file protein.cif (mmCIF, C-alpha atoms)
data_entry
loop_
_atom_site.label_atom_id
_atom_site.label_comp_id
_atom_site.auth_asym_id
_atom_site.auth_seq_id
_atom_site.Cartn_x
_atom_site.Cartn_y
_atom_site.Cartn_z
CA MET A 5 58.36 49.86 76.66
CA LYS A 6 55.66 47.91 74.81
CA ILE A 7 52.35 46.20 75.48
CA THR A 8 52.87 42.52 74.75
CA ASP A 9 49.52 40.94 75.67
CA ALA A 10 46.18 41.51 77.36
CA LYS A 11 43.53 39.23 78.84
CA VAL A 12 39.86 39.69 79.69
CA PHE A 13 38.16 37.83 82.56
CA VAL A 14 34.39 37.77 83.11
CA GLY A 15 32.98 36.61 86.44
CA GLY A 16 33.20 37.08 90.16
CA PRO A 17 31.47 36.42 93.49
CA GLY A 18 27.85 37.31 92.85
CA LYS A 19 28.73 39.62 89.94
CA ASN A 20 30.00 39.36 86.37
CA TYR A 21 33.00 41.62 86.84
CA VAL A 22 34.84 42.33 83.58
CA THR A 23 38.55 42.58 84.39
CA LEU A 24 41.24 43.58 81.92
CA LYS A 25 44.92 42.75 82.51
CA ILE A 26 47.49 44.42 80.24
CA MET A 27 51.03 42.98 80.21
CA THR A 28 54.27 44.68 79.09
CA ASP A 29 57.73 43.63 77.96
CA GLU A 30 59.17 44.89 81.26
CA GLY A 31 57.01 42.62 83.41
CA VAL A 32 54.80 45.43 84.72
CA TYR A 33 51.07 44.84 84.29
CA GLY A 34 48.02 47.01 84.75
CA LEU A 35 44.40 46.26 85.66
CA GLY A 36 41.14 47.82 84.50
CA ASP A 37 37.41 47.41 85.08
CA ALA A 38 35.01 47.17 82.08
CA THR A 39 31.95 45.92 83.98
CA LEU A 40 28.73 47.11 82.32
CA ASN A 41 25.99 45.87 84.61
CA ASN A 42 23.85 43.16 82.99
CA ARG A 43 25.51 43.67 79.60
CA GLU A 44 28.94 42.45 80.68
CA THR A 45 29.81 40.28 77.70
CA LEU A 46 29.56 43.23 75.30
CA PRO A 47 32.49 45.37 76.53
CA ALA A 48 34.44 42.13 77.04
CA LYS A 49 33.95 41.27 73.37
CA TYR A 50 34.79 44.84 72.31
CA LEU A 51 38.08 44.54 74.18
CA GLN A 52 38.92 41.10 72.82
CA ASP A 53 38.03 41.67 69.17
CA TYR A 54 38.85 45.34 68.58
CA LEU A 55 40.97 47.01 71.23
CA ILE A 56 43.49 44.41 72.37
CA PRO A 57 44.75 43.61 68.84
CA ASN A 58 45.47 47.32 68.40
CA LEU A 59 47.11 47.73 71.80
CA ILE A 60 49.83 45.14 71.16
CA GLY A 61 53.09 46.95 70.47
CA MET A 62 51.94 50.33 71.80
CA ASP A 63 53.82 52.17 74.55
CA PRO A 64 51.58 51.97 77.65
CA ARG A 65 53.01 55.20 79.02
CA ASN A 66 51.27 57.14 76.23
CA SER A 67 47.88 56.86 77.89
CA GLU A 68 46.56 60.15 76.50
CA ASP A 69 47.38 59.26 72.89
CA ILE A 70 45.95 55.76 73.33
CA TRP A 71 42.72 57.18 74.74
CA GLN A 72 42.41 59.54 71.77
CA PHE A 73 43.15 56.62 69.44
CA MET A 74 40.32 54.57 70.93
CA TYR A 75 37.77 57.41 71.07
CA ARG A 76 38.49 59.48 67.96
CA GLY A 77 39.62 56.52 65.92
CA ALA A 78 36.31 54.67 66.31
CA TYR A 79 34.35 57.19 64.16
CA PHE A 80 31.08 56.13 65.84
CA ARG A 81 31.94 57.59 69.21
CA GLY A 82 30.79 56.96 72.73
CA GLY A 83 28.07 54.77 74.13
CA PRO A 84 28.23 52.67 77.30
CA ILE A 85 29.71 49.54 75.69
CA ALA A 86 32.63 51.27 74.01
CA MET A 87 33.28 53.67 76.89
CA ALA A 88 33.37 50.84 79.45
CA ALA A 89 35.97 49.10 77.29
CA TYR A 90 37.99 52.32 76.91
CA GLY A 91 37.67 52.85 80.65
CA ALA A 92 39.26 49.50 81.41
CA VAL A 93 42.19 50.18 79.08
CA ASP A 94 42.72 53.66 80.50
CA MET A 95 42.65 52.41 84.10
CA ALA A 96 45.16 49.69 83.29
CA LEU A 97 47.52 52.19 81.64
CA TRP A 98 47.34 54.51 84.65
CA ASP A 99 47.98 51.49 86.89
CA ILE A 100 51.13 50.74 84.90
CA LYS A 101 52.16 54.39 85.04
CA GLY A 102 51.82 54.48 88.83
CA LYS A 103 53.79 51.27 89.23
CA LEU A 104 56.59 52.63 87.02
CA ALA A 105 56.71 55.79 89.13
CA ASN A 106 56.42 53.71 92.35
CA MET A 107 53.61 56.03 93.45
CA PRO A 108 49.90 55.66 94.20
CA LEU A 109 47.81 57.29 91.50
CA TYR A 110 46.61 60.17 93.64
CA GLN A 111 50.20 61.40 93.75
CA LEU A 112 50.29 61.55 89.96
CA PHE A 113 47.11 63.63 90.02
CA GLY A 114 48.63 66.19 92.40
CA GLY A 115 48.51 64.57 95.82
CA LYS A 116 45.86 64.25 98.50
CA SER A 117 43.30 66.93 99.28
CA ARG A 118 41.91 64.96 102.26
CA ASP A 119 42.74 62.09 104.58
CA GLY A 120 39.56 60.13 103.90
CA ALA A 121 36.55 60.34 101.57
CA MET A 122 33.03 60.24 103.00
CA VAL A 123 30.86 57.48 101.56
CA TYR A 124 27.19 56.64 101.70
CA ALA A 125 25.48 53.28 101.93
CA HIS A 126 21.97 52.24 100.91
CA ALA A 127 19.43 52.02 103.72
CA THR A 128 16.16 50.46 102.60
CA GLY A 129 13.03 48.83 103.93
CA SER A 130 9.79 47.28 102.82
CA ASP A 131 8.01 50.10 104.67
CA LEU A 132 8.99 53.15 106.70
CA PRO A 133 9.49 51.37 110.08
CA ASP A 134 11.64 48.77 108.31
CA LEU A 135 13.68 51.57 106.71
CA MET A 136 14.16 53.22 110.13
CA ASP A 137 15.71 49.97 111.41
CA SER A 138 18.02 49.85 108.40
CA ILE A 139 19.13 53.46 108.97
CA ALA A 140 19.86 52.75 112.63
CA HIS A 141 21.94 49.74 111.61
CA TYR A 142 24.14 51.75 109.27
CA ILE A 143 24.56 54.57 111.76
CA GLU A 144 25.83 52.00 114.26
CA GLN A 145 28.36 50.93 111.60
CA GLY A 146 29.72 54.48 111.50
CA TYR A 147 28.09 55.83 108.34
CA LYS A 148 27.44 59.56 108.32
CA ALA A 149 25.49 59.57 105.05
CA LEU A 150 22.77 57.24 103.78
CA ARG A 151 20.63 56.92 100.69
CA VAL A 152 17.13 56.04 101.90
CA GLN A 153 14.42 54.16 99.97
CA CYS A 154 11.28 52.45 101.24
CA GLY A 155 8.16 50.70 100.07
CA ILE A 156 5.16 52.87 99.21
CA PRO A 157 1.77 52.01 100.79
CA GLY A 158 -0.63 50.81 98.11
CA MET A 159 2.07 50.24 95.49
CA PRO A 160 1.36 46.88 93.80
CA SER A 161 5.02 45.81 93.98
CA ALA A 162 8.24 46.80 95.65
CA SER A 163 9.63 50.02 94.16
CA TYR A 164 13.24 50.75 93.22
CA ALA A 165 15.89 49.19 95.52
CA VAL A 166 13.28 48.05 98.06
CA PRO A 167 13.00 44.49 99.45
CA GLU A 168 9.70 42.64 99.27
CA ASP A 169 9.84 41.49 102.90
CA LYS A 170 10.68 43.11 106.22
CA GLY A 171 14.09 42.70 107.80
CA GLN A 172 16.10 42.56 104.56
CA GLY A 173 17.31 46.16 104.63
CA LYS A 174 20.81 45.41 105.95
CA HIS A 175 23.14 45.19 102.95
CA TYR A 176 20.20 44.57 100.61
CA ILE A 177 21.14 44.29 96.92
CA SER A 178 18.56 43.88 94.15
CA ASP A 179 18.47 40.47 92.54
CA PHE A 180 19.23 40.83 88.81
CA ARG A 181 19.60 37.12 88.07
CA GLY A 182 17.94 35.68 84.99
CA ILE A 183 17.89 37.05 81.45
CA ARG A 184 14.16 37.83 81.59
CA PRO A 185 13.67 40.97 83.69
CA ARG A 186 11.42 41.15 86.71
CA VAL A 187 8.55 43.65 86.40
CA GLU A 188 8.05 46.43 88.95
CA ILE A 189 4.79 48.43 89.13
CA TRP A 190 4.99 52.19 89.68
CA ASP A 191 2.47 54.87 90.69
CA SER A 192 3.87 58.42 90.83
CA GLY A 193 0.86 59.75 92.71
CA LEU A 194 1.23 57.25 95.56
CA TYR A 195 4.96 57.97 95.70
CA MET A 196 4.55 61.75 95.84
CA ARG A 197 1.91 61.57 98.54
CA HIS A 198 4.01 59.29 100.76
CA MET A 199 7.70 60.02 100.33
CA PRO A 200 7.96 63.68 101.43
CA GLY A 201 6.37 62.81 104.77
CA ALA A 202 8.55 59.71 105.14
CA LEU A 203 11.69 61.77 104.59
CA ALA A 204 10.48 64.31 107.16
CA GLU A 205 9.97 61.53 109.73
CA ILE A 206 13.49 60.26 109.07
CA ARG A 207 14.89 63.73 109.70
CA ASP A 208 12.84 64.11 112.89
CA ARG A 209 14.04 60.78 114.27
CA PHE A 210 17.73 60.93 113.36
CA GLY A 211 18.37 64.65 113.70
CA PRO A 212 20.14 67.29 111.64
CA ASP A 213 23.59 65.70 111.42
CA LEU A 214 22.71 62.67 109.29
CA HIS A 215 23.29 63.28 105.58
CA ILE A 216 20.12 62.00 103.87
CA LEU A 217 20.14 61.17 100.16
CA HIS A 218 17.21 59.96 98.09
CA ASP A 219 17.03 58.51 94.56
CA VAL A 220 13.91 58.95 92.41
CA HIS A 221 15.55 56.86 89.65
CA HIS A 222 14.19 58.86 86.69
CA ARG A 223 10.54 58.18 87.48
CA LEU A 224 8.90 61.62 87.72
CA LEU A 225 7.77 64.01 85.02
CA PRO A 226 9.44 67.46 85.16
CA ARG A 227 6.49 69.21 86.82
CA GLU A 228 6.14 66.39 89.34
CA ALA A 229 9.86 66.50 90.09
CA ALA A 230 9.74 70.25 90.68
CA GLU A 231 6.81 69.79 93.07
CA PHE A 232 8.58 66.97 94.88
CA ALA A 233 11.88 68.86 95.22
CA LYS A 234 10.06 71.84 96.69
CA ALA A 235 8.05 69.65 99.08
CA VAL A 236 11.20 68.06 100.56
CA GLU A 237 13.14 71.32 101.02
CA PRO A 238 12.45 71.38 104.80
CA VAL A 239 14.10 67.95 105.13
CA GLY A 240 17.47 69.39 104.04
CA LEU A 241 18.46 66.52 101.77
CA PHE A 242 22.14 66.09 100.96
CA TRP A 243 20.87 65.48 97.43
CA LEU A 244 17.90 64.40 95.34
CA GLU A 245 19.13 61.99 92.68
CA ASP A 246 17.83 61.50 89.13
CA PRO A 247 14.42 63.10 89.66
CA THR A 248 13.65 62.93 85.91
CA PRO A 249 14.97 60.92 82.93
CA THR A 250 18.44 62.12 82.01
CA GLU A 251 17.66 62.53 78.30
CA ASP A 252 15.61 65.68 79.03
CA GLN A 253 18.24 67.88 80.60
CA GLU A 254 16.11 71.02 80.33
CA ALA A 255 13.82 69.46 82.94
CA LEU A 256 16.48 70.22 85.53
CA ARG A 257 16.10 73.93 84.76
CA LEU A 258 12.41 73.71 85.69
CA ILE A 259 13.30 71.97 88.97
CA ARG A 260 15.95 74.63 89.70
CA GLN A 261 13.37 77.39 89.19
CA HIS A 262 11.14 75.94 91.90
CA SER A 263 13.48 74.46 94.51
CA THR A 264 16.84 74.79 96.21
CA THR A 265 17.07 71.05 96.95
CA PRO A 266 20.52 69.89 95.74
CA LEU A 267 20.41 67.76 92.59
CA ALA A 268 22.65 64.82 91.66
CA ILE A 269 22.69 63.28 88.21
CA GLY A 270 24.93 61.47 85.77
CA GLU A 271 25.45 57.80 86.62
CA VAL A 272 24.34 56.79 83.11
CA PHE A 273 26.43 59.46 81.36
CA ASN A 274 29.27 58.20 79.19
CA SER A 275 31.21 61.35 78.34
CA ILE A 276 31.85 64.98 79.17
CA TRP A 277 29.62 65.90 76.23
CA GLN A 278 26.58 64.55 78.06
CA CYS A 279 27.14 66.65 81.16
CA ASN A 280 29.14 69.74 80.17
CA ARG A 281 26.05 71.96 79.71
CA LEU A 282 24.51 70.79 82.99
CA ILE A 283 27.76 71.71 84.72
CA GLU A 284 28.44 74.96 82.89
CA GLN A 285 24.87 76.20 83.44
CA GLU A 286 25.02 75.04 87.08
CA LEU A 287 21.82 73.01 86.86
CA ILE A 288 23.21 70.29 89.13
CA ASP A 289 25.13 70.19 92.40
CA TYR A 290 26.77 66.75 92.13
CA ILE A 291 28.02 64.87 89.08
CA ARG A 292 27.46 61.12 89.31
CA VAL A 293 29.62 59.70 86.52
CA ALA A 294 31.57 56.49 87.05
CA VAL A 295 35.17 56.09 85.92
CA THR A 296 34.33 52.88 84.05
CA TYR A 297 31.27 54.14 82.15
CA ALA A 298 32.80 57.55 81.45
CA GLY A 299 35.76 56.03 79.62
CA GLY A 300 38.43 55.88 82.30
CA ILE A 301 40.52 58.13 84.51
CA THR A 302 41.68 60.43 81.69
CA PRO A 303 38.22 61.74 80.67
CA THR A 304 36.77 61.59 84.19
CA LYS A 305 39.51 63.86 85.48
CA ARG A 306 38.49 66.39 82.81
CA ILE A 307 34.89 66.21 84.03
CA VAL A 308 36.01 66.77 87.63
CA ASP A 309 38.09 69.78 86.62
CA LEU A 310 35.20 71.30 84.65
CA ALA A 311 32.81 70.69 87.55
CA GLY A 312 35.18 72.44 89.93
CA LEU A 313 34.89 75.64 87.91
CA HIS A 314 31.11 75.70 88.40
CA HIS A 315 30.60 74.78 92.08
CA VAL A 316 29.66 71.19 91.18
CA ARG A 317 31.06 68.46 93.39
CA THR A 318 31.73 64.79 92.73
CA GLY A 319 29.44 61.96 93.75
CA PHE A 320 30.76 59.01 91.76
CA HIS A 321 28.50 56.05 91.10
CA GLY A 322 29.47 53.06 93.25
CA ALA A 323 26.86 50.34 92.87
CA PRO A 324 27.86 46.66 93.25
CA SER A 325 28.40 46.44 89.49
CA HIS A 326 31.69 48.32 89.89
CA SER A 327 34.54 46.00 90.72
CA PRO A 328 37.21 46.82 93.33
CA ILE A 329 39.39 47.97 90.42
CA GLY A 330 36.92 50.62 89.28
CA MET A 331 36.26 51.63 92.88
CA ALA A 332 40.01 51.98 93.47
CA ALA A 333 40.29 54.32 90.49
CA GLN A 334 37.53 56.45 92.02
CA ALA A 335 39.15 56.29 95.44
CA HIS A 336 42.32 57.88 94.03
CA LEU A 337 40.28 60.59 92.29
CA ASN A 338 38.35 61.18 95.52
CA ALA A 339 41.58 61.59 97.47
CA TRP A 340 42.78 64.21 95.00
CA ALA A 341 39.69 66.10 93.78
CA PRO A 342 39.46 69.56 95.38
CA ASN A 343 35.71 69.54 94.64
CA PHE A 344 35.03 66.10 96.14
CA GLY A 345 31.50 65.64 97.46
CA ILE A 346 30.75 62.04 98.45
CA GLN A 347 31.22 58.47 97.17
CA GLU A 348 28.55 55.80 96.81
CA TYR A 349 29.89 52.65 98.46
CA LEU A 350 27.90 49.47 98.18
CA VAL A 351 30.47 46.86 97.32
CA LEU A 352 33.26 44.66 98.41
CA GLY A 353 34.29 43.53 101.83
CA THR A 354 33.41 39.85 101.38
CA PRO A 355 36.13 37.22 101.78
CA ASP A 356 35.56 35.95 98.22
CA CYS A 357 35.84 39.43 96.73
CA ASP A 358 38.93 40.23 98.79
CA ALA A 359 40.56 37.00 97.62
CA LEU A 360 39.89 37.84 93.97
CA PHE A 361 40.97 41.49 94.30
CA PRO A 362 43.56 41.81 97.11
CA SER A 363 43.90 45.41 98.28
CA ASP A 364 44.86 47.67 101.18
CA HIS A 365 42.11 50.21 100.49
CA ARG A 366 39.91 50.32 103.56
CA MET A 367 36.61 51.73 104.78
CA GLU A 368 36.34 52.90 108.40
CA ASN A 369 33.62 54.93 110.12
CA GLY A 370 31.96 55.97 106.90
CA MET A 371 35.21 57.04 105.21
CA VAL A 372 37.31 55.34 102.51
CA HIS A 373 41.07 55.57 103.00
CA VAL A 374 43.07 55.04 99.85
CA SER A 375 45.98 52.61 99.62
CA ASP A 376 49.53 53.95 99.28
CA ALA A 377 50.60 51.01 97.11
CA PRO A 378 51.90 51.96 93.65
CA GLY A 379 49.32 52.37 90.91
CA LEU A 380 45.70 51.54 91.64
CA GLY A 381 46.64 49.54 94.73
CA VAL A 382 44.51 46.53 93.73
CA ASP A 383 45.73 43.16 92.45
CA PHE A 384 43.88 40.34 90.69
CA ASP A 385 44.23 36.63 91.44
CA GLU A 386 43.85 34.67 88.20
CA GLY A 387 43.67 31.42 90.12
CA GLU A 388 40.68 32.69 92.08
CA ALA A 389 39.11 33.91 88.83
CA GLU A 390 38.91 30.32 87.59
CA ARG A 391 36.20 29.70 90.19
CA TYR A 392 33.79 32.02 88.41
CA SER A 393 32.01 32.18 85.08
CA TYR A 394 29.48 34.44 83.41
CA ARG A 395 25.87 34.25 84.57
CA PRO A 396 23.27 36.25 82.57
CA GLY A 397 21.06 38.80 84.27
CA SER A 398 18.88 41.84 83.64
CA HIS A 399 17.67 44.94 85.44
CA PRO A 400 13.95 45.01 86.20
CA VAL A 401 11.57 46.84 83.90
CA VAL A 402 8.93 49.22 85.22
CA ARG A 403 5.29 49.49 84.21
CA LEU A 404 2.56 51.82 85.39
CA THR A 405 -0.54 50.34 86.97
CA ASP A 406 -2.25 50.27 83.55
CA GLY A 407 0.64 48.35 82.01
CA THR A 408 2.43 51.23 80.28
CA LEU A 409 6.20 50.76 80.20
CA TRP A 410 7.95 53.38 82.35
CA ASN A 411 11.45 54.50 83.23
CA TYR A 412 13.63 52.14 85.28
#

call {"tool": "encode", "arguments": {"input": "protein.cif", "output": "C-alpha cells"}}
result
Amino acid sequence: MKITDAKVFVGGPGKNYVTLKIMTDEGVYGLGDATLNNRETLPAKYLQDYLIPNLIGMDPRNSEDIWQFMYRGAYFRGGPIAMAAYGAVDMALWDIKGKLANMPLYQLFGGKSRDGAMVYAHATGSDLPDLMDSIAHYIEQGYKALRVQCGIPGMPSASYAVPEDKGQGKHYISDFRGIRPRVEIWDSGLYMRHMPGALAEIRDRFGPDLHILHDVHHRLLPREAAEFAKAVEPVGLFWLEDPTPTEDQEALRLIRQHSTTPLAIGEVFNSIWQCNRLIEQELIDYIRVAVTYAGGITPTKRIVDLAGLHHVRTGFHGAPSHSPIGMAAQAHLNAWAPNFGIQEYLVLGTPDCDALFPSDHRMENGMVHVSDAPGLGVDFDEGEAERYSYRPGSHPVVRLTDGTLWNY
C-alpha cells in the first residue's frame, strides 16, 4: 500500500482550518488537522513544500516510522509550525489505519474506558452579574463544568476572553480578525483584588456540584500566582489554568508549595520534552496539550501514558482553532485514556461546519460521545471547502497600564 497524493486546504466557516487529505493507491484516504491559530499558512506551507513530497510512495500503515522520519529527520526539531504539520500527517495515517481495520480509533488504542467524556464550555461576561447569566445559560444546556472569566472593575479594557458589552457571554468567541492585533490593557493588582471574591460568589450561587475552572492566561508573576492559588482554595476550583508563563516551569513548584489548588498547563506545549519534568515531578494535575500542536496521536498518546504514571489527568485544549478533525482525534483519546480528566469544547455545531466536516460525533448534556465509524469518524467535503479562503488574523497583545508589553 502506498501514498499516492496529498492535498492541503486552508479555510472554513469563521476559521482558517488547515485540513490535510492523504490519498492511497487502494482508494482509502485519511484526514488531519494542521490548524495553528493565526499562523495557519505556515504549517500549510510546511506540508506542501517539505512533507508531502517525501510522503509520496511511503506505506501509510507505517505511522510510527513516518513520525520518526518527520521529527528526527528534520534536524531542527519541534516548534509549533512543524509539530502542527506532523500532527496532521499523523492523524491522517491513523485515520487510514482505522479505516483499513474497519474500527474506530479508540478500539485500536485499547477500547473505551468510558461511555462519554465530560467537557467544559466558556462562560464569560463583561462583569460579574453578566458572567452569572452566562453560567446559568450553560447549566441549562446541560454543562456540568464551566471555565469562568469576567471583566475586572477599573480595568481600562476587557481582559482575556471577556466581551466588551453586556449580554454577549453566550457562545462568545474572541474576534481575531485583522493582521494588526488588538491591544488589551492588564493590571494584576486589580485582577487579584477582584477575582477571588468573584469566584467565591459563583460558588455560593451555583453550589458545590458545578465544576468551576478559571484561566489566568500566563499573566501573573510566580509570587502573585502562589498568593492567588492560595486565596481561591476555599472555592474548590476544578483547576487553575496557566497561572504563570509556561517558559518558567519552576514557578509551578513555588505555587505547589503554597496551595493545593489543582493546576492545569500545557496548551502551548509542542512535545513530551516540554512537559515530561512537570509530569514526573507532579507539579501539575492536568496536562493541556492538543493533538495537533503536540505532533499528532502518536506522541500525544505517549504523553497520556506518562501522565497516567504520575496522577496527572488529561485536559486537552479545545479552542475554536481546532477543527472537527483535531477534536475527533482527541475524542478517541478521551474515550480510551484511563487517566482522562476533562475536554475543552468550544467548537463546532454550526450548519456550515457540519456541512464541511460531516460526522456522527455528538455532544449531549455536557458529554461528548465518540462516533463508531471507522477511523477518526469525520469526513471532509471538498466542494464545501471551495466556499472558503484564507483570511489573516492575529491574537491580541497585552500591555500594562504604563504601556509595557505583557504576556498574552

call {"tool": "residues_around", "arguments": {"input": "protein.cif", "residues": "Ala311 in chain A", "least_positions_apart": "2", "cutoff": "9 Å", "atoms": "all atoms listed in the file", "output": "JSON list (two decimals) with C-alpha atoms, in the coordinates of the input"}}
result
[["chain", "number", "residue", "atom", "x", "y", "z"],
["A", 280, "ASN", "CA", 29.14, 69.74, 80.17],
["A", 283, "ILE", "CA", 27.76, 71.71, 84.72],
["A", 284, "GLU", "CA", 28.44, 74.96, 82.89],
["A", 286, "GLU", "CA", 25.02, 75.04, 87.08],
["A", 290, "TYR", "CA", 26.77, 66.75, 92.13],
["A", 291, "ILE", "CA", 28.02, 64.87, 89.08],
["A", 306, "ARG", "CA", 38.49, 66.39, 82.81],
["A", 307, "ILE", "CA", 34.89, 66.21, 84.03],
["A", 308, "VAL", "CA", 36.01, 66.77, 87.63],
["A", 309, "ASP", "CA", 38.09, 69.78, 86.62],
["A", 313, "LEU", "CA", 34.89, 75.64, 87.91],
["A", 314, "HIS", "CA", 31.11, 75.70, 88.40],
["A", 315, "HIS", "CA", 30.60, 74.78, 92.08],
["A", 316, "VAL", "CA", 29.66, 71.19, 91.18],
["A", 317, "ARG", "CA", 31.06, 68.46, 93.39],
["A", 318, "THR", "CA", 31.73, 64.79, 92.73],
["A", 343, "ASN", "CA", 35.71, 69.54, 94.64]]

call {"tool": "resolve_selection", "arguments": {"input": "protein.cif", "expression": "the PyMOL selection byres ((chain A and resi 259) around 9)", "output": "list in words"}}
result
Pro226, Arg227, Ala229, Ala230, Glu231, Ala233, Lys234, Pro247, Ala255, Leu256, Arg257, Leu258, Arg260, Gln261, His262, Ser263, Thr264, Thr265 and Leu287 of chain A

call {"tool": "residues_around", "arguments": {"input": "protein.cif", "residues": "Met107 in chain A", "least_positions_apart": "6", "cutoff": "10 Å", "atoms": "only C-alpha atoms", "output": "NGL selection string"}}
result
:A and (99 or 101 or 376-381)

call {"tool": "closest_residue", "arguments": {"input": "protein.cif", "among": "A:Ser117, A:Ser363, A:Gln278, A:Gln334", "to": "Gly83 in chain A", "atoms": "all atoms listed in the file"}}
result
A:Gln278

call {"tool": "resolve_selection", "arguments": {"input": "protein.cif", "expression": "the PyMOL selection byres ((chain A and resi 32-34) around 7)", "output": "JSON, numbers by chain"}}
result
{"A": [25, 26, 27, 28, 30, 31, 35, 36, 96, 97, 99, 100]}

call {"tool": "resolve_selection", "arguments": {"input": "protein.cif", "expression": "the PyMOL selection byres ((chain A and resi 330-333) around 7)", "output": "VMD selection string"}}
result
chain A and resid 36 to 37 295 to 296 322 326 to 329 334 to 337 380

call {"tool": "residues_around", "arguments": {"input": "protein.cif", "residues": "Gly115 in chain A", "least_positions_apart": "5", "cutoff": "10 Å", "atoms": "all atoms listed in the file", "output": "short mmCIF file (atom, residue, chain, number, x, y, z; two decimals) with C-alpha atoms, in the frame of the given file"}}
result
data_model
loop_
_atom_site.label_atom_id
_atom_site.label_comp_id
_atom_site.auth_asym_id
_atom_site.auth_seq_id
_atom_site.Cartn_x
_atom_site.Cartn_y
_atom_site.Cartn_z
CA PRO A 108 49.90 55.66 94.20
CA LEU A 109 47.81 57.29 91.50
CA TYR A 110 46.61 60.17 93.64
CA HIS A 336 42.32 57.88 94.03
CA LEU A 337 40.28 60.59 92.29
CA ALA A 339 41.58 61.59 97.47
CA TRP A 340 42.78 64.21 95.00
CA ALA A 341 39.69 66.10 93.78
#
